[in-house]
Every structure is written in structure tokens, then in C-alpha cells.
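What's in structure.txt: compact mmCIF, C-alpha atoms
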```txt
# COMPACT_ATOMS: atom_id res chain seq x y z
CA MET A 1 33.39 -117.49 -33.21
CA ASN A 2 35.17 -117.68 -36.51
CA ASN A 3 38.86 -118.46 -36.25
CA ASN A 4 39.30 -118.67 -39.99
CA LYS A 5 42.45 -116.97 -41.27
CA TYR A 6 40.45 -115.49 -44.14
CA ASN A 7 38.15 -112.57 -43.51
CA TYR A 8 34.91 -113.42 -45.29
CA PHE A 9 33.14 -110.12 -45.11
CA PHE A 10 29.60 -111.04 -46.13
CA ALA A 11 29.61 -114.19 -44.03
CA LYS A 12 29.82 -112.18 -40.82
CA ASN A 13 26.13 -111.34 -40.64
CA ASN A 14 24.88 -114.41 -42.42
CA PRO A 15 23.65 -117.26 -40.17
CA ASN A 16 23.63 -119.77 -43.06
CA LEU A 17 27.27 -119.13 -43.88
CA GLN A 18 28.26 -118.94 -40.21
CA GLU A 19 26.72 -122.37 -39.69
CA LYS A 20 28.56 -123.72 -42.72
CA MET A 21 31.85 -122.20 -41.62
CA ALA A 22 31.55 -123.80 -38.18
CA THR A 23 31.60 -127.34 -39.59
CA GLU A 24 34.70 -129.50 -39.54
CA GLN A 25 34.22 -130.09 -43.25
CA PHE A 26 34.42 -126.38 -44.04
CA LYS A 27 37.62 -125.99 -42.06
CA LEU A 28 39.12 -128.91 -43.96
CA SER A 29 37.91 -127.45 -47.27
CA GLU A 30 39.92 -124.33 -46.46
CA GLN A 31 43.04 -126.49 -46.33
CA ILE A 32 42.09 -128.13 -49.62
CA LEU A 33 41.71 -124.76 -51.34
CA ASP A 34 45.02 -123.56 -49.91
CA LEU A 35 46.76 -126.68 -51.16
CA ARG A 36 45.22 -126.36 -54.63
CA TYR A 37 46.55 -122.80 -54.87
CA GLN A 38 49.97 -123.99 -53.70
CA LEU A 39 49.98 -126.68 -56.36
CA ASN A 40 48.75 -124.37 -59.12
CA LEU A 41 46.82 -127.20 -60.74
CA THR A 42 43.62 -126.97 -62.73
CA PHE A 43 40.51 -128.73 -61.48
CA GLU A 44 40.94 -131.51 -64.04
CA GLU A 45 44.60 -131.99 -63.15
CA ILE A 46 43.92 -132.19 -59.44
CA VAL A 47 41.07 -134.66 -59.85
CA ASP A 48 43.38 -136.83 -61.99
CA GLU A 49 45.86 -136.95 -59.11
CA LEU A 50 43.32 -137.93 -56.45
CA ASN A 51 41.25 -141.05 -55.85
CA VAL A 52 37.96 -139.18 -55.93
CA THR A 53 35.39 -138.27 -58.54
CA ALA A 54 35.13 -134.72 -59.87
CA GLU A 55 31.83 -134.32 -58.00
CA GLU A 56 33.35 -135.44 -54.71
CA TYR A 57 36.34 -133.17 -55.08
CA LEU A 58 34.16 -130.17 -55.92
CA ASP A 59 31.92 -130.92 -52.92
CA MET A 60 35.04 -130.89 -50.79
CA GLU A 61 36.16 -127.50 -52.15
CA TYR A 62 32.68 -126.23 -51.28
CA GLY A 63 32.98 -127.71 -47.75
CA GLU A 64 29.89 -129.89 -48.14
CA LYS A 65 28.83 -131.79 -45.04
CA LYS A 66 27.71 -134.87 -46.98
CA ILE A 67 31.34 -135.93 -47.44
CA SER A 68 32.90 -137.57 -44.39
CA VAL A 69 35.68 -135.90 -42.45
CA GLU A 70 37.82 -138.98 -43.07
CA LYS A 71 37.51 -138.52 -46.82
CA TYR A 72 38.51 -134.86 -46.53
CA GLU A 73 41.51 -135.85 -44.45
CA ALA A 74 42.54 -138.50 -46.97
CA VAL A 75 42.42 -135.94 -49.78
CA ILE A 76 44.38 -133.41 -47.73
CA LEU A 77 47.03 -136.06 -47.10
CA GLN A 78 47.26 -136.80 -50.83
CA LEU A 79 47.47 -133.10 -51.66
CA LYS A 80 50.21 -132.55 -49.08
CA LYS A 81 52.19 -135.37 -50.66
CA LEU A 82 51.72 -133.71 -54.04
CA VAL A 83 53.01 -130.44 -52.62
CA GLU A 84 56.06 -132.24 -51.23
CA GLY A 85 56.56 -133.97 -54.56
CA THR A 86 56.41 -130.63 -56.33
CA HIS A 87 59.06 -129.31 -54.01
CA GLU A 88 61.23 -132.32 -54.67
CA LYS A 89 60.96 -131.86 -58.41
CA GLU A 90 61.51 -128.12 -58.49
CA ILE A 91 63.28 -128.26 -55.34
CA ILE A 92 65.38 -125.24 -54.99
CA LYS A 93 65.44 -122.31 -57.26
CA THR A 94 67.92 -119.66 -56.43
CA SER A 95 69.97 -116.99 -58.01
CA ASN A 96 73.52 -117.09 -56.86
CA SER A 97 74.17 -113.52 -55.87
CA SER A 98 77.93 -114.06 -55.82
CA ASN A 99 77.88 -114.89 -59.50
CA SER A 100 75.44 -112.21 -60.74
CA ALA A 101 72.57 -113.21 -62.99
CA SER A 102 74.53 -115.83 -64.85
CA SER A 103 73.72 -118.50 -62.29
CA ASN A 104 70.12 -119.56 -61.95
CA THR A 105 70.22 -123.09 -60.71
CA ILE A 106 67.51 -125.60 -60.06
CA LEU A 107 67.98 -128.82 -58.19
CA LYS A 108 65.81 -131.65 -59.46
CA LYS A 109 65.05 -135.12 -58.31
CA ASP A 110 63.50 -137.23 -61.00
CA ASN A 111 63.27 -141.02 -61.15
CA GLU A 112 65.49 -141.26 -58.11
CA LYS A 113 68.29 -139.35 -59.78
CA ILE A 114 69.57 -135.99 -58.73
CA TYR A 115 70.25 -133.25 -61.22
CA LEU A 116 71.52 -129.75 -60.95
CA GLU A 117 70.27 -127.73 -63.87
CA ASN A 118 71.52 -124.33 -64.87
CA GLN A 119 68.62 -122.53 -66.50
CA ASN A 120 70.81 -119.98 -68.18
CA ASN A 121 72.86 -122.38 -70.24
CA ASN A 122 70.63 -125.51 -69.97
CA LYS A 123 73.56 -127.54 -68.69
CA THR A 124 72.63 -130.42 -66.45
CA GLN A 125 74.85 -132.10 -63.96
CA LYS A 126 73.97 -135.57 -62.65
CA PHE A 127 75.02 -136.87 -59.26
CA SER A 128 75.63 -140.47 -58.30
CA ASP A 129 75.26 -139.99 -54.57
CA MET A 130 74.48 -137.46 -51.92
CA SER A 131 78.05 -136.75 -50.91
CA SER A 132 79.11 -135.72 -54.41
CA PHE A 133 75.92 -133.68 -54.64
CA ASN A 134 76.57 -131.97 -51.31
CA ILE A 135 80.08 -130.99 -52.30
CA THR A 136 78.91 -129.50 -55.55
CA ILE A 137 75.79 -127.82 -54.27
CA THR A 138 77.68 -125.77 -51.74
CA LYS A 139 79.67 -124.27 -54.60
CA HIS A 140 76.52 -123.29 -56.44
CA ILE A 141 74.05 -122.15 -53.86
CA ASN A 142 74.61 -119.90 -50.93
CA LYS A 143 71.44 -120.67 -49.07
CA ILE A 144 69.72 -123.99 -49.09
CA ASP A 145 66.79 -125.25 -47.13
CA SER A 146 67.92 -128.33 -45.28
CA LYS A 147 64.47 -129.90 -45.26
CA TYR A 148 64.66 -130.39 -49.00
CA ILE A 149 68.08 -131.96 -48.82
CA GLU A 150 66.93 -134.39 -46.17
CA ARG A 151 64.26 -135.69 -48.50
CA LEU A 152 66.74 -136.52 -51.21
CA GLN A 153 68.02 -140.04 -51.03
CA PRO A 154 71.35 -141.20 -52.45
CA VAL A 155 71.17 -142.74 -55.88
CA ASN A 156 72.59 -146.24 -56.23
CA MET B 157 53.37 -109.50 -52.95
CA GLU B 158 50.80 -109.67 -50.16
CA ASN B 159 47.73 -111.63 -49.25
CA ILE B 160 44.39 -109.89 -49.54
CA GLY B 161 43.32 -109.11 -45.99
CA LEU B 162 39.80 -107.90 -46.53
CA VAL B 163 36.95 -107.65 -49.00
CA VAL B 164 34.81 -104.58 -48.40
CA CYS B 165 32.28 -102.41 -50.24
CA TYR B 166 32.71 -98.88 -51.43
CA ARG B 167 30.17 -96.62 -49.79
CA LEU B 168 27.86 -95.05 -52.31
CA THR B 169 25.45 -92.60 -50.76
CA LYS B 170 21.80 -92.48 -51.76
CA ASP B 171 22.28 -89.23 -53.68
CA SER B 172 24.78 -90.90 -56.01
CA GLN B 173 23.37 -91.53 -59.47
CA PHE B 174 24.95 -95.00 -59.24
CA PHE B 175 23.49 -95.91 -55.84
CA ASN B 176 21.04 -98.44 -57.29
CA ASP B 177 23.93 -100.43 -58.70
CA SER B 178 26.05 -100.34 -55.56
CA PHE B 179 27.47 -103.73 -54.71
CA LYS B 180 26.13 -103.76 -51.18
CA LYS B 181 22.59 -103.09 -52.38
CA TYR B 182 23.04 -105.73 -55.05
CA TYR B 183 24.33 -108.26 -52.55
CA TYR B 184 21.47 -107.85 -50.11
CA GLU B 185 18.72 -107.61 -52.72
CA ILE B 186 19.87 -110.20 -55.26
CA ILE B 187 22.62 -112.49 -54.00
CA ARG B 188 21.50 -112.88 -50.39
CA ASN B 189 17.96 -113.79 -51.47
CA ASP B 190 19.08 -116.64 -53.68
CA SER B 191 20.84 -119.54 -51.94
CA TYR B 192 22.50 -120.65 -55.20
CA LEU B 193 23.98 -117.21 -55.89
CA GLU B 194 24.88 -116.76 -52.23
CA GLY B 195 26.85 -120.03 -52.20
CA LEU B 196 28.55 -119.28 -55.49
CA TYR B 197 29.46 -115.72 -54.49
CA PHE B 198 30.92 -117.09 -51.24
CA GLN B 199 33.00 -119.57 -53.25
CA ILE B 200 34.25 -116.72 -55.47
CA GLU B 201 35.20 -114.72 -52.39
CA ARG B 202 37.07 -117.73 -50.97
CA ASN B 203 39.11 -117.96 -54.18
CA LEU B 204 39.59 -114.20 -54.39
CA LEU B 205 41.12 -114.07 -50.92
CA ARG B 206 43.74 -116.60 -52.00
CA LEU B 207 45.15 -114.27 -54.64
CA LYS B 208 47.91 -111.76 -53.95
CA VAL B 209 48.08 -108.00 -54.41
CA HIS B 210 51.05 -106.07 -55.69
CA GLU B 211 50.97 -102.40 -56.69
CA ASN B 212 47.16 -102.51 -56.72
CA TYR B 213 46.94 -105.40 -59.15
CA LEU B 214 45.92 -108.98 -58.46
CA TYR B 215 48.43 -111.77 -58.92
CA SER B 216 48.09 -115.52 -59.11
CA ASN B 217 51.17 -117.74 -58.84
CA GLY B 218 53.45 -114.77 -59.32
CA GLU B 219 51.80 -113.59 -62.54
CA PRO B 220 49.45 -110.62 -63.01
CA LEU B 221 45.94 -112.01 -63.08
CA GLN B 222 44.08 -111.68 -66.37
CA GLU B 223 41.34 -114.17 -65.57
CA LEU B 224 40.57 -116.87 -63.04
CA SER B 225 38.44 -119.94 -63.66
CA ILE B 226 37.21 -122.37 -61.04
CA PRO B 227 34.93 -125.40 -61.12
CA THR B 228 31.38 -124.56 -60.12
CA LYS B 229 27.99 -126.23 -60.13
CA THR B 230 25.00 -125.06 -62.10
CA ARG B 231 21.64 -124.80 -60.38
CA LEU B 232 20.98 -128.34 -61.58
CA GLY B 233 24.21 -129.64 -60.05
CA MET B 234 26.19 -129.99 -63.29
CA ILE B 235 29.91 -129.26 -62.95
CA GLN B 236 31.29 -126.59 -65.22
CA SER B 237 34.44 -124.50 -65.41
CA THR B 238 33.51 -120.88 -64.77
CA LYS B 239 35.54 -117.77 -65.44
CA ILE B 240 34.84 -116.02 -62.14
CA ILE B 241 37.25 -113.10 -62.40
CA LYS B 242 38.40 -111.15 -65.41
CA LYS B 243 40.65 -108.10 -65.66
CA LEU B 244 38.85 -105.44 -67.68
CA TYR B 245 40.89 -103.94 -70.48
CA LYS B 246 39.04 -100.65 -70.75
CA ALA B 247 39.45 -99.71 -67.09
CA LYS B 248 43.02 -99.89 -65.92
CA HIS B 249 42.54 -101.07 -62.34
CA ILE B 250 39.13 -102.72 -62.46
CA TYR B 251 38.29 -106.41 -62.30
CA GLU B 252 34.99 -108.06 -63.09
CA GLY B 253 33.49 -110.86 -60.98
CA ARG B 254 31.24 -113.13 -63.02
CA ILE B 255 28.44 -115.62 -62.51
CA ASN B 256 26.90 -116.81 -65.75
CA GLU B 257 23.58 -118.59 -65.82
CA GLU B 258 21.74 -119.76 -68.88
CA TYR B 259 19.49 -116.73 -69.26
CA ILE B 260 21.07 -114.17 -66.98
CA LYS B 261 24.58 -112.95 -66.32
CA HIS B 262 25.63 -111.50 -62.99
CA ARG B 263 28.53 -109.11 -62.75
CA PHE B 264 30.28 -107.27 -59.96
CA LEU B 265 33.17 -104.85 -60.22
CA PHE B 266 36.04 -104.26 -57.87
CA PHE B 267 39.59 -103.04 -57.53
CA ALA B 268 42.51 -104.13 -55.37
CA ILE B 269 44.56 -101.99 -53.02
CA ASP B 270 47.86 -102.92 -51.46
CA SER B 271 49.01 -101.98 -48.00
CA SER B 272 51.21 -99.11 -49.19
CA ILE B 273 47.99 -97.13 -49.60
CA SER B 274 45.83 -98.63 -46.93
CA ASP B 275 46.38 -100.19 -43.51
CA GLU B 276 46.07 -103.62 -45.11
CA SER B 277 45.66 -104.92 -48.62
CA LYS B 278 42.06 -105.21 -49.67
CA VAL B 279 39.60 -105.74 -52.45
CA ILE B 280 37.00 -102.98 -52.72
CA LEU B 281 33.72 -103.95 -54.35
CA THR B 282 31.97 -101.15 -56.16
CA PHE B 283 28.99 -102.28 -58.25
CA GLY B 284 26.86 -105.32 -58.91
CA PHE B 285 24.26 -105.91 -61.62
CA SER B 286 22.52 -108.66 -63.61
CA LYS B 287 21.32 -108.60 -67.19
CA GLY B 288 19.86 -111.04 -69.68
CA ASN B 289 20.80 -109.04 -72.74
CA LYS B 290 24.51 -109.07 -73.58
CA GLU B 291 24.50 -105.66 -75.27
CA VAL B 292 22.83 -104.02 -72.28
CA LEU B 293 25.27 -105.86 -70.02
CA ASP B 294 28.24 -104.50 -72.00
CA VAL B 295 26.94 -100.92 -71.82
CA GLN B 296 26.38 -101.26 -68.08
CA THR B 297 29.84 -102.79 -67.60
CA ASN B 298 31.49 -99.92 -69.50
CA LEU B 299 29.61 -97.25 -67.60
CA LEU B 300 30.20 -98.73 -64.16
CA SER B 301 33.79 -99.74 -64.80
CA ASN B 302 34.56 -96.12 -65.72
CA GLU B 303 32.91 -94.99 -62.51
CA SER B 304 34.82 -97.69 -60.59
CA GLU B 305 38.09 -96.37 -62.03
CA ARG B 306 37.10 -92.89 -60.87
CA LEU B 307 36.40 -94.28 -57.38
CA TYR B 308 39.76 -96.04 -57.46
CA ASN B 309 41.47 -92.74 -58.23
CA SER B 310 39.59 -91.03 -55.39
CA TYR B 311 40.68 -93.75 -53.01
CA ILE B 312 44.31 -93.46 -54.11
CA ILE B 313 44.29 -89.69 -53.60
CA ASN B 314 42.81 -89.87 -50.13
CA PRO B 315 41.66 -93.18 -48.62
CA SER B 316 40.48 -91.47 -45.46
CA LEU B 317 37.75 -89.63 -47.37
CA VAL B 318 36.25 -92.88 -48.52
CA VAL B 319 34.05 -94.72 -46.06
CA LEU B 320 34.07 -98.41 -46.64
CA ASP B 321 31.30 -100.80 -45.84
CA LYS B 322 32.80 -102.22 -42.66
CA GLU B 323 32.26 -98.81 -41.07
CA TRP B 324 28.65 -98.26 -42.09
CA LYS B 325 26.95 -101.65 -41.98
CA ASN B 326 24.72 -100.49 -39.12
CA GLU B 327 23.11 -98.01 -41.46
CA GLN B 328 21.75 -100.73 -43.72
```

How would this structure read if it were set down as C-alpha cells?
Amino acid sequence: MNNNKYNYFFAKNNPNLQEKMATEQFKLSEQILDLRYQLNLTFEEIVDELNVTAEEYLDMEYGEKKISVEKYEAVILQLKKLVEGTHEKEIIKTSNSSNSASSNTILKKDNEKIYLENQNNNKTQKFSDMSSFNITITKHINKIDSKYIERLQPVN
Amino acid sequence: MENIGLVVCYRLTKDSQFFNDSFKKYYYEIIRNDSYLEGLYFQIERNLLRLKVHENYLYSNGEPLQELSIPTKTRLGMIQSTKIIKKLYKAKHIYEGRINEEYIKHRFLFFAIDSSISDESKVILTFGFSKGNKEVLDVQTNLLSNESERLYNSYIINPSLVVLDKEWKNEQ
């Protein structure tokens, strides 16, 4: 029984592909593909970020059985950290509806410093700690995802 | 912007002048009989299903898709970057799936439908063909992409008149 969230039409009546899709490695390769699409990185870029060879990474995208489950899981962990890192860098992009299109603000964390960048006028505001950031951010952004805020640490 | 829910084939009946190039026939006669092509097609489908559909066009990372490249292996195991999907310019809604080998090029054509037209968003495969000669390949691509656009228009006018592969696989 295939519990995959993707509906692979031609795999349904294909014993070879059904057998492949039943492996733990294939299921993990589905996560790897999902994460690559989330990251929007090229093959070369993603290989650069991981501690694997290009051949190993490609085998993992293909769901090859010759790679151990542990290695798949290690790569998934690394990719998840990259996704989190991407979120921390971009962090929140929002248009402030109360201030029309003039406010398009991005919160950034880079080298342990927190910035609030207005994309419309390229002005950047730097924060020394979380409390000053929190006070300011509430003026700029109506909705904010708390999980991103929790990840930000105060800057000394 | 929605996820693609399904990849299916357009039903071309045997009296159609294009029946011999129908994707389903192509899949079972060419792709399915070649483990390399079968694996590569499956990998293309896995990537295809991770794209989004909006107003019957494919999107990747919020941008309309013009082409998509992924790493693949040649028959000899060499890694290469392969352009697997390309938006055709001459046919407004048609995309081309691609597998290039040294002496032969494989092509399949499809269009995307979002859930405002159908019960769920889907990719509908129309034709598949392989050619060694680029000029012949281009002629075939032009002919079948025009026919694919016509099939797209038929589907848009009345999806219920079009029988898709998931409903007729027992006839194969």
C-alpha cells in the first residue's frame, strides 16, 4: 500500500517502482526532494552545503537502496537546518496592510545581529537586543509568527 | 497556487491520426521497456509533482516556469544537469518533457490544469516520441504541440467530454 502524498500515476501498475517506493530509502528521498524545493537551491549549491559527494546526494534523490538509512537521515537533518537558517535570514516578509504598499519589511538575522529592512526605501534598522526589537516590530508588522521570534537571540 | 494532484494521460482513441504518438502508448512501448528511461521518467514525474499550478500554468518558487533542470545520470552513470521541462513558445499552454541521450532525444508533451476547471489540479500528458534527427524532432514537436493545444482547448470547454487515462487503464 502506497501512503506517499504524491500520486505517481505510472508507478501504480509497475512492480519495480512499487518495490522501490516501499523502501525506507525512497520515503526518505521524498523528504530530501521536498526540502530541496523548499530551499530553492541548485544541485551544485546543495551539494556544497552538505557533507556528501555529488554522486551520493544524487543517489539519495533517486532513493537508492545502496545508501544507508542513517546517511539519508543525516542529510535530511542538515537540510532541515538549512531551511531553518533560510527562514532566519529572510525571516518574515510582510506587507503592512495598515500602511498600504509603502511598507514592505523584512526582518533579518545576520552574524548574530538583527535588522529590520524596508525594501521600499532600503532603510535598515539595527537592534541591540530583543526587547528593543520587539517594541519596534510590533509597530511595523501586524502579524508575526512567534516561532521565528523565538529563534532570534538577543545581540550583546 | 496549488500543488499538482495528479498526472494522467489524455485518451486518444485508435481512430485518431495521432494515436501512434499518444503518451500512454509511448510509455508502455518505449519507456516501460527500458529500465534507464523508466527510472528517469519516474524522477521527472517526482519533480513535476513538486511544482505548482496557477491559472493552468506551472510555477516554481512563485515564478512562472520556463524551464526546469535537475541532476540526472547518463546510462553510464555520469552525472549531468538535464533540462527536463521546457515551456514551449509556439503553443501557449504546452510544456515539453525532455530526456536527451547521445544519439536519441525523447520528448513528451503535456499541459497543466488547475482546480477551477477540474476537481483537482493535474498535469495531462498528451504525446510522447523519440527521434535521432533534430529537424525531424522539431517538426514532430510543432505538429504535436499544436494538437496538444487543441486538446487543451477541448478540455477547457468541457472536461467531462474528455476521458483521462485513470478511467480507461483496463482497456490497455

Which residues of chain A have any atom within 9 Å of an atom in chain B when counting only C-alpha atoms, and what is the closest pair of atoms for each, with the distance in Å to one decimal? Order the rows by chain and rising number and write it as a Markdown table.
```
| residue | atom | partner | partner_atom | distance |
| --- | --- | --- | --- | --- |
| A:Tyr6 | CA | B:Leu205 | CA | 7.0 |
| A:Asn7 | CA | B:Leu162 | CA | 5.8 |
| A:Tyr8 | CA | B:Val163 | CA | 7.2 |
| A:Phe9 | CA | B:Val163 | CA | 6.0 |
| A:Phe10 | CA | B:Phe198 | CA | 8.0 |
| A:Ala11 | CA | B:Phe198 | CA | 7.9 |
| A:Asn14 | CA | B:Arg188 | CA | 8.8 |
| A:Leu17 | CA | B:Gly195 | CA | 8.4 |
| A:Glu30 | CA | B:Arg202 | CA | 8.5 |
| A:Leu33 | CA | B:Asn203 | CA | 7.8 |
| A:Asp34 | CA | B:Arg206 | CA | 7.4 |
| A:Tyr37 | CA | B:Arg206 | CA | 7.4 |
| A:Gln38 | CA | B:Asn217 | CA | 8.2 |
| A:Asn40 | CA | B:Asn217 | CA | 7.1 |
| A:Thr42 | CA | B:Ile226 | CA | 8.1 |
| A:Phe43 | CA | B:Pro227 | CA | 6.5 |
| A:Ala54 | CA | B:Ile235 | CA | 8.2 |
| A:Glu55 | CA | B:Ile235 | CA | 7.3 |
| A:Leu58 | CA | B:Pro227 | CA | 7.1 |
| A:Glu61 | CA | B:Gln199 | CA | 8.6 |
| A:Tyr62 | CA | B:Gln199 | CA | 7.0 |
```

note - atom CA of B:Asp171 and atom CA of B:Val295 are separated by 22.1 Å

From the set B:Phe174, B:Tyr213, B:Tyr245, B:Phe285, which residue has the shortest atom-to-atom contact distance to B:Phe267, counting only C-alpha atoms?
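So, comparing all the options, the nearest one is B:Tyr213.
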
Need the shell around stretch 63-71 of chain A: protein/DNA/RNA residues with any atom at most 12 Å away, counting only C-alpha atoms. Skip same-chain ones fewer than 3 positions apart. Format as a PyMOL selection string? (chain A and resi 17+19-33+50-53+55-60+74-78) or (chain B and resi 195+198-199+202)

| request: Up to 12 Å from (23.3, -119.0, -65.4) in the file's coordinates: name the residues, counting all atoms listed in the file, as a list in words. | output: Tyr192, Leu193, Leu196, Thr228, Lys229, Thr230, Arg231, Leu232, Gly233, Met234, Gln236, Thr238, Arg254, Ile255, Asn256, Glu257, Glu258, Tyr259, Ile260, Lys261, His262, Arg263, Ser286, Lys287 and Gly288 of chain B

**Message:** From the options B:Ala268, B:Ile313, B:Leu281, B:Leu300, which residue's atoms come nearest to B:Leu214, counting all atoms listed in the file?
**Reply:**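 Checking each candidate against B:Leu214, we get B:Ala268 as the closest.
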
TODO: Figure out the distance between atom CA of B:Lys170 and atom CA of B:Asp190, please, to one decimal in Å.
DONE: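 For atom CA of B:Asp190 relative to atom CA of B:Lys170, the distance reads 24.4 Å.
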
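Note that the spacing between atom CA of B:Gln222 and atom CA of B:Leu265 amounts to 14.3 Å.
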
#### Entry: Which of B:Val279, B:Phe264, B:Asn298, B:Tyr311 sits closest to B:Leu204 [using only C-alpha atoms]
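Comparing B:Val279, B:Phe264, B:Asn298, B:Tyr311 against B:Leu204, the winner is B:Val279.
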
* Of the candidates A:Val47, A:Lys5, A:Lys12, A:Leu79, which one gets nearest to A:Leu35 if we count only C-alpha atoms? ->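 That would be A:Leu79, the residue with the smallest distance to A:Leu35.
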